[in-house]
$ cat final-v3.cif   # mmCIF, C-alpha atoms and all ligand atoms
data_start
#
loop_
_atom_site.label_atom_id
_atom_site.label_comp_id
_atom_site.auth_asym_id
_atom_site.auth_seq_id
_atom_site.Cartn_x
_atom_site.Cartn_y
_atom_site.Cartn_z
CA MET A 1 131.56 -107.93 8.41
CA GLU A 2 133.01 -105.11 10.52
CA ASP A 3 130.95 -102.22 9.25
CA ASP A 4 127.27 -102.72 8.47
CA ALA A 5 126.73 -99.13 7.31
CA GLY A 6 125.80 -98.58 3.67
CA TYR A 7 124.23 -102.00 3.16
CA GLU A 8 120.68 -101.10 4.14
CA ASN A 9 119.10 -102.48 1.00
CA TYR A 10 121.42 -105.10 -0.43
CA ARG A 11 124.98 -106.28 -0.71
CA VAL A 12 126.17 -108.14 -3.80
CA LYS A 13 129.50 -108.57 -5.54
CA ASP A 14 129.19 -106.38 -8.62
CA MET A 15 126.15 -104.44 -9.88
CA SER A 16 127.61 -104.24 -13.38
CA LEU A 17 126.69 -107.95 -13.76
CA ALA A 18 122.96 -107.13 -13.53
CA GLY A 19 122.35 -107.21 -17.30
CA GLU A 20 123.70 -110.75 -17.55
CA GLY A 21 121.61 -111.69 -14.51
CA HIS A 22 118.37 -110.42 -16.07
CA LYS A 23 119.01 -112.63 -19.12
CA LEU A 24 119.57 -115.68 -16.93
CA ILE A 25 116.38 -114.98 -15.01
CA ARG A 26 114.41 -114.55 -18.24
CA TRP A 27 115.72 -117.94 -19.44
CA ALA A 28 114.55 -119.55 -16.20
CA GLU A 29 111.15 -117.83 -16.47
CA GLU A 30 110.68 -119.40 -19.90
CA HIS A 31 111.14 -122.83 -18.28
CA MET A 32 109.07 -122.28 -15.14
CA PRO A 33 105.48 -122.01 -16.38
CA VAL A 34 103.81 -123.10 -13.13
CA LEU A 35 105.46 -120.39 -11.09
CA MET A 36 104.84 -117.83 -13.84
CA ASP A 37 101.12 -118.66 -13.74
CA ILE A 38 101.16 -118.17 -10.00
CA ARG A 39 102.92 -114.85 -10.57
CA LYS A 40 100.07 -113.68 -12.80
CA ASP A 41 97.55 -114.54 -10.07
CA PHE A 42 99.73 -112.90 -7.42
CA GLU A 43 99.98 -109.71 -9.49
CA LYS A 44 96.19 -109.45 -9.57
CA GLU A 45 95.32 -110.64 -6.09
CA LYS A 46 98.33 -109.42 -4.05
CA PRO A 47 97.94 -112.17 -1.42
CA LEU A 48 101.25 -111.28 0.25
CA GLU A 49 100.70 -107.51 0.46
CA GLY A 50 103.01 -105.94 3.04
CA VAL A 51 104.33 -109.25 4.32
CA ALA A 52 108.06 -109.47 5.08
CA ILE A 53 109.51 -112.73 3.78
CA SER A 54 113.15 -113.50 4.60
CA CYS A 55 114.80 -116.26 2.62
CA CYS A 56 118.01 -118.23 2.96
CA LEU A 57 118.09 -120.00 -0.40
CA HIS A 58 120.69 -120.73 -3.08
CA VAL A 59 120.82 -117.56 -5.17
CA THR A 60 120.23 -119.01 -8.63
CA LYS A 61 118.19 -117.94 -11.63
CA GLU A 62 115.39 -120.24 -10.42
CA THR A 63 115.34 -118.71 -6.94
CA ALA A 64 115.15 -115.35 -8.68
CA VAL A 65 111.90 -116.43 -10.35
CA LEU A 66 110.54 -117.42 -6.93
CA VAL A 67 111.47 -114.22 -5.10
CA LYS A 68 110.20 -112.03 -7.95
CA THR A 69 106.92 -113.95 -7.76
CA LEU A 70 106.68 -113.32 -4.01
CA LYS A 71 107.37 -109.63 -4.64
CA ALA A 72 104.69 -109.58 -7.35
CA GLY A 73 102.32 -110.86 -4.65
CA GLY A 74 103.09 -107.79 -2.56
CA ALA A 75 105.78 -109.16 -0.24
CA GLU A 76 108.92 -107.36 0.87
CA VAL A 77 111.57 -109.97 0.17
CA ALA A 78 115.06 -110.31 1.63
CA LEU A 79 117.38 -113.03 0.34
CA ALA A 80 120.63 -114.48 1.66
CA GLY A 81 122.52 -117.33 -0.01
CA SER A 82 122.33 -120.73 1.66
CA ASN A 83 125.85 -121.87 0.78
CA PRO A 84 129.12 -119.96 0.39
CA LEU A 85 129.66 -121.26 -3.16
CA SER A 86 126.15 -121.40 -4.65
CA THR A 87 125.43 -117.73 -5.38
CA ASN A 88 125.30 -116.62 -9.00
CA ASP A 89 126.66 -113.07 -8.74
CA ALA A 90 124.93 -111.91 -11.93
CA VAL A 91 121.55 -113.08 -10.65
CA ALA A 92 122.18 -111.44 -7.27
CA ALA A 93 122.94 -108.11 -8.97
CA ALA A 94 119.81 -108.32 -11.16
CA LEU A 95 117.65 -109.02 -8.13
CA ALA A 96 119.12 -106.10 -6.23
CA GLU A 97 118.23 -103.90 -9.21
CA ASP A 98 114.67 -105.30 -9.06
CA GLY A 99 114.21 -104.26 -5.45
CA ILE A 100 114.94 -107.54 -3.67
CA HIS A 101 117.09 -107.10 -0.56
CA VAL A 102 119.86 -109.51 -1.59
CA TYR A 103 122.81 -110.22 0.69
CA ALA A 104 124.83 -112.81 -1.18
CA TRP A 105 127.96 -113.28 -3.23
CA ARG A 106 129.99 -116.26 -4.40
CA GLU A 107 133.03 -117.28 -2.33
CA ASN A 108 131.37 -115.90 0.78
CA HIS A 109 133.23 -118.00 3.34
CA ASP A 110 133.72 -115.34 6.01
CA ASP A 111 130.51 -113.32 6.01
CA TYR A 112 127.93 -116.04 5.47
CA TYR A 113 126.19 -115.46 8.80
CA TRP A 114 126.47 -111.70 8.45
CA CYS A 115 124.24 -112.10 5.38
CA VAL A 116 121.80 -114.40 7.20
CA ASN A 117 121.54 -111.76 9.94
CA ARG A 118 120.86 -108.97 7.46
CA VAL A 119 117.82 -110.81 6.05
CA ALA A 120 116.70 -111.50 9.62
CA ASP A 121 116.79 -107.73 10.19
CA TYR A 122 113.72 -107.40 7.95
CA LYS A 123 111.67 -108.91 10.82
CA PRO A 124 110.08 -111.65 8.74
CA SER A 125 106.53 -112.91 9.13
CA ILE A 126 107.55 -115.87 6.97
CA THR A 127 110.98 -117.50 6.67
CA MET A 128 112.03 -119.62 3.68
CA ASP A 129 115.01 -121.80 4.35
CA ASP A 130 117.14 -124.26 2.42
CA GLY A 131 119.06 -126.20 5.05
CA GLY A 132 117.75 -124.47 8.16
CA ASP A 133 120.37 -121.82 8.89
CA LEU A 134 117.82 -118.98 9.08
CA VAL A 135 115.49 -120.92 11.40
CA THR A 136 118.48 -121.79 13.58
CA THR A 137 119.74 -118.20 13.63
CA LEU A 138 116.31 -116.94 14.73
CA HIS A 139 116.14 -119.61 17.46
CA THR A 140 119.63 -118.84 18.83
CA THR A 141 121.15 -115.39 18.35
CA ARG A 142 118.07 -113.49 17.06
CA ARG A 143 115.41 -114.75 19.44
CA GLU A 144 113.84 -111.28 19.72
CA LEU A 145 112.48 -111.84 16.19
CA LEU A 146 110.67 -115.11 16.88
CA GLU A 147 107.41 -113.44 17.95
CA ASN A 148 107.00 -111.82 14.51
CA VAL A 149 107.16 -115.09 12.62
CA ILE A 150 103.87 -116.73 11.61
CA ALA A 151 105.60 -119.78 10.06
CA GLY A 152 108.50 -120.90 7.92
CA THR A 153 109.04 -123.19 4.96
CA GLU A 154 111.90 -125.62 4.43
CA GLU A 155 113.19 -126.60 1.01
CA THR A 156 115.54 -129.49 1.68
CA THR A 157 115.87 -132.86 3.43
CA THR A 158 118.67 -131.74 5.75
CA GLY A 159 116.70 -128.72 6.94
CA VAL A 160 113.57 -130.78 7.56
CA HIS A 161 115.65 -133.21 9.66
CA ARG A 162 117.00 -130.32 11.71
CA GLN A 163 113.56 -128.83 12.30
CA ARG A 164 111.96 -132.18 13.13
CA ALA A 165 114.73 -132.71 15.70
CA MET A 166 113.97 -129.28 17.21
CA ALA A 167 110.24 -130.06 17.25
CA SER A 168 110.74 -133.43 18.96
CA GLN A 169 112.76 -131.72 21.71
CA GLY A 170 110.04 -129.06 22.09
CA LYS A 171 112.46 -126.42 20.82
CA LEU A 172 110.77 -125.36 17.60
CA GLU A 173 109.19 -121.98 18.37
CA TYR A 174 107.20 -121.47 15.17
CA PRO A 175 105.51 -123.79 12.67
CA VAL A 176 107.50 -124.96 9.65
CA VAL A 177 106.08 -126.43 6.43
CA ALA A 178 108.29 -129.17 4.96
CA VAL A 179 108.15 -128.23 1.28
CA ASN A 180 110.83 -130.88 0.68
CA ASP A 181 108.35 -133.58 1.59
CA ALA A 182 105.75 -132.56 -1.01
CA MET A 183 105.41 -135.24 -3.69
CA THR A 184 105.86 -132.64 -6.41
CA LYS A 185 109.14 -131.70 -4.74
CA HIS A 186 111.18 -134.72 -3.72
CA PHE A 187 110.01 -137.14 -6.45
CA PHE A 188 111.24 -134.68 -9.07
CA ASP A 189 113.70 -132.12 -7.70
CA ASN A 190 115.58 -134.52 -5.40
CA ARG A 191 115.58 -137.40 -7.88
CA TYR A 192 115.78 -135.97 -11.41
CA GLY A 193 117.19 -132.61 -10.39
CA THR A 194 120.05 -133.95 -8.27
CA GLY A 195 120.63 -136.80 -10.71
CA GLN A 196 121.20 -134.48 -13.64
CA SER A 197 122.78 -131.47 -11.94
CA THR A 198 125.34 -133.54 -10.02
CA ILE A 199 126.58 -135.16 -13.22
CA ASP A 200 126.50 -131.69 -14.80
CA GLY A 201 128.72 -130.31 -11.99
CA ILE A 202 131.20 -133.18 -12.24
CA LEU A 203 131.43 -132.80 -16.01
CA ARG A 204 131.80 -129.02 -15.96
CA ALA A 205 134.54 -129.34 -13.32
CA THR A 206 136.47 -132.25 -14.80
CA SER A 207 135.21 -133.06 -18.33
CA VAL A 208 136.08 -136.74 -17.70
CA LEU A 209 134.37 -139.63 -19.48
CA ILE A 210 131.69 -141.29 -17.36
CA ALA A 211 131.24 -144.40 -19.54
CA GLY A 212 133.18 -147.37 -18.21
CA LYS A 213 134.09 -145.67 -14.93
CA THR A 214 133.21 -147.15 -11.56
CA PHE A 215 130.91 -144.55 -10.05
CA VAL A 216 130.25 -144.80 -6.32
CA VAL A 217 127.06 -143.22 -4.96
CA ALA A 218 126.97 -142.94 -1.16
CA GLY A 219 123.34 -142.70 -0.01
CA TYR A 220 120.23 -144.13 -1.66
CA GLY A 221 117.60 -141.58 -0.69
CA TRP A 222 115.75 -139.74 -3.46
CA CYS A 223 118.90 -137.86 -4.49
CA GLY A 224 121.08 -140.98 -4.52
CA ARG A 225 118.48 -142.92 -6.50
CA GLY A 226 118.40 -140.23 -9.17
CA LEU A 227 122.16 -139.94 -9.33
CA ALA A 228 122.73 -143.70 -9.58
CA MET A 229 120.13 -143.88 -12.36
CA ARG A 230 121.75 -141.09 -14.36
CA ALA A 231 125.32 -142.37 -13.86
CA ARG A 232 124.21 -145.76 -15.13
CA GLY A 233 122.52 -144.08 -18.07
CA MET A 234 125.87 -142.60 -19.05
CA GLY A 235 127.52 -145.99 -19.03
CA ALA A 236 129.15 -146.05 -15.61
CA ASN A 237 129.40 -149.18 -13.46
CA VAL A 238 127.52 -147.92 -10.43
CA ILE A 239 128.14 -149.04 -6.84
CA VAL A 240 125.80 -147.87 -4.07
CA CYS A 241 126.89 -147.54 -0.42
CA GLU A 242 123.90 -147.39 1.90
CA VAL A 243 123.69 -148.14 5.63
CA ASP A 244 119.88 -148.40 5.79
CA GLU A 245 119.07 -152.04 5.05
CA ILE A 246 115.75 -151.34 3.30
CA LYS A 247 117.23 -148.76 0.96
CA ALA A 248 120.26 -151.01 0.38
CA LEU A 249 117.91 -153.81 -0.62
CA GLU A 250 116.09 -151.47 -2.96
CA ALA A 251 119.42 -150.53 -4.59
CA VAL A 252 120.20 -154.23 -5.09
CA MET A 253 116.82 -154.82 -6.73
CA ASP A 254 117.31 -151.73 -8.86
CA GLY A 255 120.30 -153.62 -10.22
CA PHE A 256 123.21 -151.90 -8.47
CA ARG A 257 126.13 -153.46 -6.63
CA VAL A 258 125.88 -152.54 -2.93
CA MET A 259 128.86 -152.61 -0.57
CA PRO A 260 130.41 -150.72 2.36
CA MET A 261 132.45 -147.64 1.53
CA GLU A 262 135.68 -149.36 2.65
CA GLU A 263 135.20 -151.90 -0.18
CA ALA A 264 133.95 -149.40 -2.74
CA ALA A 265 136.91 -147.14 -2.00
CA LYS A 266 139.32 -149.69 -3.47
CA VAL A 267 137.57 -149.90 -6.84
CA GLY A 268 135.84 -146.56 -7.43
CA ASP A 269 136.92 -143.93 -9.96
CA ILE A 270 134.34 -141.26 -9.10
CA PHE A 271 132.71 -140.90 -5.67
CA VAL A 272 129.71 -138.78 -4.77
CA THR A 273 128.17 -138.42 -1.31
CA VAL A 274 124.45 -137.63 -0.98
CA THR A 275 123.65 -138.87 2.50
CA GLY A 276 123.17 -135.92 4.87
CA ASN A 277 125.71 -137.57 7.21
CA LYS A 278 129.17 -136.55 8.39
CA HIS A 279 132.43 -138.07 7.11
CA VAL A 280 130.86 -140.67 4.87
CA ILE A 281 134.17 -140.64 3.04
CA ASP A 282 136.51 -140.80 6.01
CA ARG A 283 140.18 -141.63 6.69
CA ASN A 284 139.98 -145.34 5.82
CA ALA A 285 138.35 -144.67 2.48
CA ILE A 286 140.68 -141.77 1.69
CA ASP A 287 143.70 -143.96 2.48
CA ALA A 288 142.32 -146.68 0.20
CA VAL A 289 141.13 -144.84 -2.93
CA LYS A 290 142.97 -145.37 -6.20
CA ASP A 291 145.35 -142.90 -7.78
CA GLY A 292 143.28 -140.37 -9.73
CA ALA A 293 140.07 -140.83 -7.74
CA ILE A 294 137.58 -137.97 -8.09
CA ILE A 295 135.59 -137.18 -4.96
CA ALA A 296 132.55 -134.89 -4.78
CA ASN A 297 129.59 -134.16 -2.56
CA SER A 298 126.03 -133.29 -3.47
CA GLY A 299 124.57 -133.27 0.04
CA HIS A 300 123.62 -129.99 1.73
CA PHE A 301 126.59 -129.63 4.08
CA ASP A 302 130.29 -129.79 3.24
CA ASN A 303 131.12 -132.36 5.93
CA GLU A 304 130.30 -135.60 4.07
CA ILE A 305 133.90 -135.91 2.85
CA ASN A 306 136.62 -135.58 5.48
CA VAL A 307 138.44 -132.85 3.54
CA PRO A 308 140.35 -131.63 6.64
CA TYR A 309 141.99 -135.09 6.84
CA ILE A 310 142.94 -134.96 3.15
CA GLU A 311 144.44 -131.51 3.70
CA GLU A 312 146.32 -132.74 6.76
CA VAL A 313 147.93 -135.75 5.08
CA ALA A 314 148.51 -134.27 1.62
CA THR A 315 152.09 -133.38 0.82
CA ARG A 316 150.97 -130.91 -1.81
CA ALA A 317 147.69 -129.29 -2.88
CA GLU A 318 147.07 -127.42 -6.08
CA LYS A 319 143.97 -126.00 -7.77
CA VAL A 320 144.38 -127.61 -11.19
CA ARG A 321 141.08 -126.44 -12.72
CA GLU A 322 138.15 -124.33 -11.61
CA ASN A 323 136.51 -126.31 -8.76
CA VAL A 324 139.17 -129.07 -8.81
CA MET A 325 141.76 -129.42 -6.05
CA GLU A 326 144.54 -131.94 -6.62
CA TYR A 327 146.00 -133.49 -3.46
CA TRP A 328 149.24 -135.49 -3.49
CA MET A 329 149.39 -138.31 -0.95
CA LYS A 330 152.63 -139.53 0.67
CA ASP A 331 152.47 -142.79 -1.29
CA GLY A 332 152.36 -140.95 -4.61
CA ARG A 333 148.59 -141.21 -5.23
CA LYS A 334 146.75 -138.11 -6.40
CA ILE A 335 143.18 -137.44 -5.27
CA TYR A 336 140.86 -134.82 -6.77
CA VAL A 337 138.28 -133.08 -4.58
CA LEU A 338 135.62 -131.05 -6.37
CA ALA A 339 134.25 -127.72 -5.12
CA GLU A 340 135.85 -128.01 -1.66
CA GLY A 341 133.45 -130.85 -0.90
CA ARG A 342 130.51 -128.45 -1.17
CA LEU A 343 127.36 -129.10 -3.24
CA VAL A 344 129.01 -129.87 -6.58
CA ASN A 345 125.80 -129.32 -8.56
CA LEU A 346 125.47 -125.72 -7.39
CA ALA A 347 129.14 -124.83 -6.97
CA ALA A 348 130.36 -126.22 -10.30
CA ALA A 349 127.12 -126.06 -12.33
CA GLU A 350 123.82 -124.16 -12.09
CA GLY A 351 121.97 -126.40 -9.64
CA HIS A 352 118.85 -128.26 -10.65
CA PRO A 353 117.26 -127.40 -13.97
CA SER A 354 114.47 -124.82 -14.01
CA GLU A 355 111.76 -127.35 -14.89
CA VAL A 356 112.04 -129.22 -11.57
CA MET A 357 112.66 -126.09 -9.51
CA ASP A 358 109.40 -124.81 -11.07
CA MET A 359 107.41 -127.37 -9.10
CA SER A 360 109.44 -127.02 -5.89
CA PHE A 361 109.14 -123.26 -5.90
CA ALA A 362 105.48 -123.32 -6.96
CA ASN A 363 104.94 -125.19 -3.67
CA GLN A 364 106.92 -122.50 -1.82
CA ALA A 365 104.84 -119.67 -3.30
CA LEU A 366 101.47 -121.35 -2.71
CA VAL A 367 102.47 -122.40 0.82
CA ALA A 368 103.34 -118.76 1.63
CA GLY A 369 99.74 -117.83 0.83
CA TRP A 370 98.45 -120.80 2.84
CA ILE A 371 100.54 -119.75 5.86
CA LEU A 372 98.92 -116.32 5.83
CA ARG A 373 95.44 -117.85 5.64
CA GLU A 374 96.00 -120.66 8.17
CA GLY A 375 98.76 -119.27 10.37
CA LYS A 376 96.67 -118.64 13.45
CA ASN A 377 95.57 -122.29 13.55
CA LEU A 378 99.08 -123.73 13.32
CA GLU A 379 101.14 -125.18 16.18
CA ASN A 380 104.90 -125.13 16.61
CA LYS A 381 105.57 -128.30 14.66
CA VAL A 382 106.62 -129.46 11.20
CA TYR A 383 103.70 -129.58 8.74
CA SER A 384 103.34 -131.33 5.41
CA VAL A 385 102.40 -129.31 2.36
CA PRO A 386 98.60 -129.60 2.09
CA GLU A 387 97.85 -132.30 -0.48
CA LYS A 388 95.54 -129.90 -2.35
CA ILE A 389 98.53 -127.64 -3.09
CA ASP A 390 100.75 -130.60 -4.03
CA ARG A 391 98.17 -131.90 -6.50
CA GLU A 392 97.49 -128.44 -7.89
CA VAL A 393 101.21 -128.10 -8.67
CA ALA A 394 101.16 -131.51 -10.38
CA GLN A 395 98.12 -130.53 -12.43
CA GLU A 396 99.88 -127.41 -13.59
CA GLY A 397 103.22 -129.29 -13.96
CA ASN A 398 104.77 -128.42 -17.28
CA PHE A 399 104.94 -132.04 -18.47
CA LEU A 400 101.41 -133.10 -17.64
CA PRO A 401 99.61 -131.57 -20.60
CA TRP A 402 101.70 -133.70 -22.97
CA ALA A 403 101.59 -136.81 -20.83
CA LEU A 404 97.79 -136.79 -20.72
CA LYS A 405 97.33 -136.28 -24.46
N1 LIG B 1 118.84 -126.38 -5.18
C1 LIG B 1 119.28 -127.19 -6.14
N2 LIG B 1 119.22 -126.60 -7.34
C2 LIG B 1 118.73 -125.36 -7.15
C3 LIG B 1 118.43 -124.28 -8.01
N3 LIG B 1 118.63 -124.36 -9.32
N4 LIG B 1 117.95 -123.17 -7.44
C4 LIG B 1 117.75 -123.10 -6.11
N5 LIG B 1 118.00 -124.09 -5.26
C5 LIG B 1 118.48 -125.22 -5.77
#
$ encode --input "final-v3.cif" --output "structure tokens" --more "lines below"
Ligand code: ADE
Amino acid sequence: MEDDAGYENYRVKDMSLAGEGHKLIRWAEEHMPVLMDIRKDFEKEKPLEGVAISCCLHVTKETAVLVKTLKAGGAEVALAGSNPLSTNDAVAAALAEDGIHVYAWRENHDDYYWCVNRVADYKPSITMDDGGDLVTTLHTTRRELLENVIAGTEETTTGVHRQRAMASQGKLEYPVVAVNDAMTKHFFDNRYGTGQSTIDGILRATSVLIAGKTFVVAGYGWCGRGLAMRARGMGANVIVCEVDEIKALEAVMDGFRVMPMEEAAKVGDIFVTVTGNKHVIDRNAIDAVKDGAIIANSGHFDNEINVPYIEEVATRAEKVRENVMEYWMKDGRKIYVLAEGRLVNLAAAEGHPSEVMDMSFANQALVAGWILREGKNLENKVYSVPEKIDREVAQEGNFLPWALK
């Protein structure tokens, strides 16, 4: 962004979308009772009074419920998107109207880091990251801000891996709480959230039949487990590709066929990567997939599919539907890549449903309070969410009252 002037408070795509955004947020609030209970407490007790919290999170209706809860607790909240395609512009506009410093818009390929830097400008005491780009920005180009930070939180597996790597090299300069690793986060959000929202994204983008298709899931972590389970539930023949022998064994015993990607490539109809690794679908697989293969990614970064190779070898590329790029190969095969290889669940659908984000974001809100209480005792390492908070979220979890009856 050449000229920063005039964007002191927020920058979104179109403020006239705010009305639509408020309705989306209200819908999410109706399905996020745990966080709404926390909001009531925060409104009374103001545990975050005057605290600057800068967030780099997907700007969805669920994130809106979180940031409004933090604001209700007294925080000054700044929010940047954590992926160029995941921002809901209506939600962003509504939040700007509600006094959140939002710097996010969909299709933000060029100014992504400009937005991350604007939320850094608020000199956060707490950072909330999804993927680690804000933590990394503060540790590299905005080091002057590090001394203000009491601690950060991290929402996703990829971000936790990045911060653990920094910690093990002695390069993490403030404590980070791995919200991803809370039981009430990854057992639910990663598994049932990714399982459902990834299928949702594929269906909204393509509207193809899942039943009878060979559905290849690359990665059998919590997200892959959930996705394989849901694809099977819709009648697909599911193949799992997993390099970790223990997880591969688990996939076998869960009843899935397990094979290397090179083999799966020859038989798959729909491919989804959820590994956190680079080029899981690489040249060999791309050269081998069948005519009509649909390829998508649900991992945090857009490098799991080697899209640059597809673009290099394709003789023609055409956007045939929203979020669907058709590539013609020299040998006449056509390959379909969804959402540029970015998180298909957020780019082509609405991300995880509110009910699972409720628990993830309840952890975020309660951990923010914990950081303020405990901050001075924390070291520069990656912390687990205190079990007391995790269990409190489960107790309040919106399904438990029925389950215990
Ligand atoms: N990550 C996955 N789904 C999400 C959602 N609905 N909101 C925020 N972050 C998400």
$ closest_atom_pairs --input "final-v3.cif" --of "range 28-101 of chain A" --to "range 375-396 of chain A" --cutoff "9 Å" --atoms "only C-alpha atoms" --output "tab-separated table"
residue	atom	partner	partner_atom	distance
A:Pro33	CA	A:Glu396	CA	8.3
A:Val34	CA	A:Glu396	CA	5.9
A:Asp37	CA	A:Glu396	CA	8.8
$ closest_residue --input "final-v3.cif" --among "A:Ile53, A:Val274, A:Met325, A:Leu146" --to "Ile100 in chain A" --atoms "only C-alpha atoms"
A:Ile53
$ closest_residue --input "final-v3.cif" --among "A:Glu312, A:Glu322, A:Glu20, A:Glu154" --to "Ala339 in chain A" --atoms "all atoms listed in the file"
A:Glu322
$ atom_distance --input "final-v3.cif" --atom1 "atom C5 of ligand LIG 1 (chain B)" --atom2 "CA of Thr137 in chain A"
20.7 Å
$ closest_atom_pairs --input "final-v3.cif" --of "chain A" --to "ligand LIG 1 (chain B)" --cutoff "8 Å" --atoms "all atoms listed in the file" --output "CSV"
residue,atom,partner,partner_atom,distance
A:Leu57,CA,B:LIG1,N5,6.4
A:His58,CA,B:LIG1,N5,4.8
A:Val59,CA,B:LIG1,C4,6.4
A:Thr60,CA,B:LIG1,N4,4.9
A:Lys61,CA,B:LIG1,N4,6.7
A:Glu62,CA,B:LIG1,N4,4.9
A:Thr63,CA,B:LIG1,C4,5.1
A:Asp130,CA,B:LIG1,N5,7.7
A:Asp189,CA,B:LIG1,C1,7.6
A:Gly193,CA,B:LIG1,N2,7.0
A:Thr194,CA,B:LIG1,C1,7.1
A:Ser197,CA,B:LIG1,N2,7.6
A:Asn345,CA,B:LIG1,N2,7.2
A:Leu346,CA,B:LIG1,N2,6.3
A:Glu350,CA,B:LIG1,N3,5.9
A:Gly351,CA,B:LIG1,N2,3.6
A:His352,CA,B:LIG1,N2,3.7
A:Pro353,CA,B:LIG1,N3,5.7
A:Ser354,CA,B:LIG1,N3,6.3
A:Met357,CA,B:LIG1,N3,6.2
$ residues_around --input "final-v3.cif" --residues "Val367 in chain A" --least-positions-apart "4" --cutoff "10 Å" --atoms "all atoms listed in the file" --output "list in words"
Gly152, Thr153, Val177, Ala178, Val179, Phe361, Ala362, Asn363, Ile371, Leu372, Arg373, Glu374, Val385, Pro386, Ile389 and Asp390 of chain A
$ atom_distance --input "final-v3.cif" --atom1 "CA of Pro175 in chain A" --atom2 "CA of Met32 in chain A"
28.1 Å
$ closest_residue --input "final-v3.cif" --among "A:Ala288, A:Ala205, A:Ala28, A:Val243" --to "Glu262 in chain A" --atoms "only C-alpha atoms"
A:Ala288
$ residues_around --input "final-v3.cif" --residues "Val208 in chain A" --least-positions-apart "3" --cutoff "12 Å" --atoms "all atoms listed in the file" --output "NGL selection string"
:A and (199-205 or 211-213 or 234 or 236 or 269-270 or 292-294)
$ residues_around --input "final-v3.cif" --residues "Asn9 in chain A" --least-positions-apart "2" --cutoff "10 Å" --atoms "all atoms listed in the file" --output "list in words"
Gly6, Tyr7, Arg11, Ala78, Ala96, Gly99, Ile100, His101, Val102, Tyr103, Arg118 and Val119 of chain A
$ residues_around --input "final-v3.cif" --residues "Thr157 in chain A" --least-positions-apart "2" --cutoff "12 Å" --atoms "only C-alpha atoms" --output "number ranges by chain"
A: 129-132, 153-155, 159-164, 178-182, 185-186, 189-190, 221-223, 274-277, 299-301
$ atom_distance --input "final-v3.cif" --atom1 "CA of Val135 in chain A" --atom2 "CA of Val77 in chain A"
16.2 Å
$ closest_residue --input "final-v3.cif" --among "A:Asn148, A:Asn108, A:Thr198, A:Ser168" --to "Ser82 in chain A" --atoms "all atoms listed in the file"
A:Asn108
$ closest_residue --input "final-v3.cif" --among "A:Asp358, A:Pro260, A:Arg225, A:Ala165" --to "Arg191 in chain A" --atoms "only C-alpha atoms"
A:Arg225
$ residues_around --input "final-v3.cif" --residues "Asp41 in chain A" --least-positions-apart "3" --cutoff "12 Å" --atoms "all atoms listed in the file" --output "list in words"
Val34, Leu35, Met36, Asp37, Ile38, Lys44, Glu45, Lys46, Pro47, Leu48, Thr69, Leu70, Ala72, Gly73, Gly74, Ala365, Leu366 and Gly369 of chain A
$ closest_residue --input "final-v3.cif" --among "A:Thr136, A:Asn297, A:Asn284, A:Ser360" --to "Tyr309 in chain A" --atoms "only C-alpha atoms"
A:Asn284
$ residues_near_point --input "final-v3.cif" --point "(153.9, -137.9, 2.6)" --cutoff "12 Å" --atoms "all atoms listed in the file" --output "PyMOL selection string"
chain A and resi 287+310-317+327-334
$ decode --input "final-v3.cif" --residues "range 363-376 of chain A" --atoms "C-alpha atoms" --output "PDB file, in the first residue's frame"
ATOM      1  CA  ASN A 363     -10.456 -20.663  24.824  1.00  0.00           C
ATOM      2  CA  GLN A 364      -8.988 -17.579  23.114  1.00  0.00           C
ATOM      3  CA  ALA A 365     -11.074 -15.174  25.213  1.00  0.00           C
ATOM      4  CA  LEU A 366     -10.400 -16.933  28.534  1.00  0.00           C
ATOM      5  CA  VAL A 367      -6.691 -17.288  27.740  1.00  0.00           C
ATOM      6  CA  ALA A 368      -6.481 -13.523  27.102  1.00  0.00           C
ATOM      7  CA  GLY A 369      -7.654 -12.957  30.686  1.00  0.00           C
ATOM      8  CA  TRP A 370      -5.236 -15.608  31.962  1.00  0.00           C
ATOM      9  CA  ILE A 371      -2.321 -13.925  30.149  1.00  0.00           C
ATOM     10  CA  LEU A 372      -3.057 -10.658  31.929  1.00  0.00           C
ATOM     11  CA  ARG A 373      -3.192 -12.404  35.306  1.00  0.00           C
ATOM     12  CA  GLU A 374      -0.173 -14.698  34.796  1.00  0.00           C
ATOM     13  CA  GLY A 375       1.917 -12.779  32.263  1.00  0.00           C
ATOM     14  CA  LYS A 376       4.699 -11.750  34.600  1.00  0.00           C
TER      15      LYS A 376
END
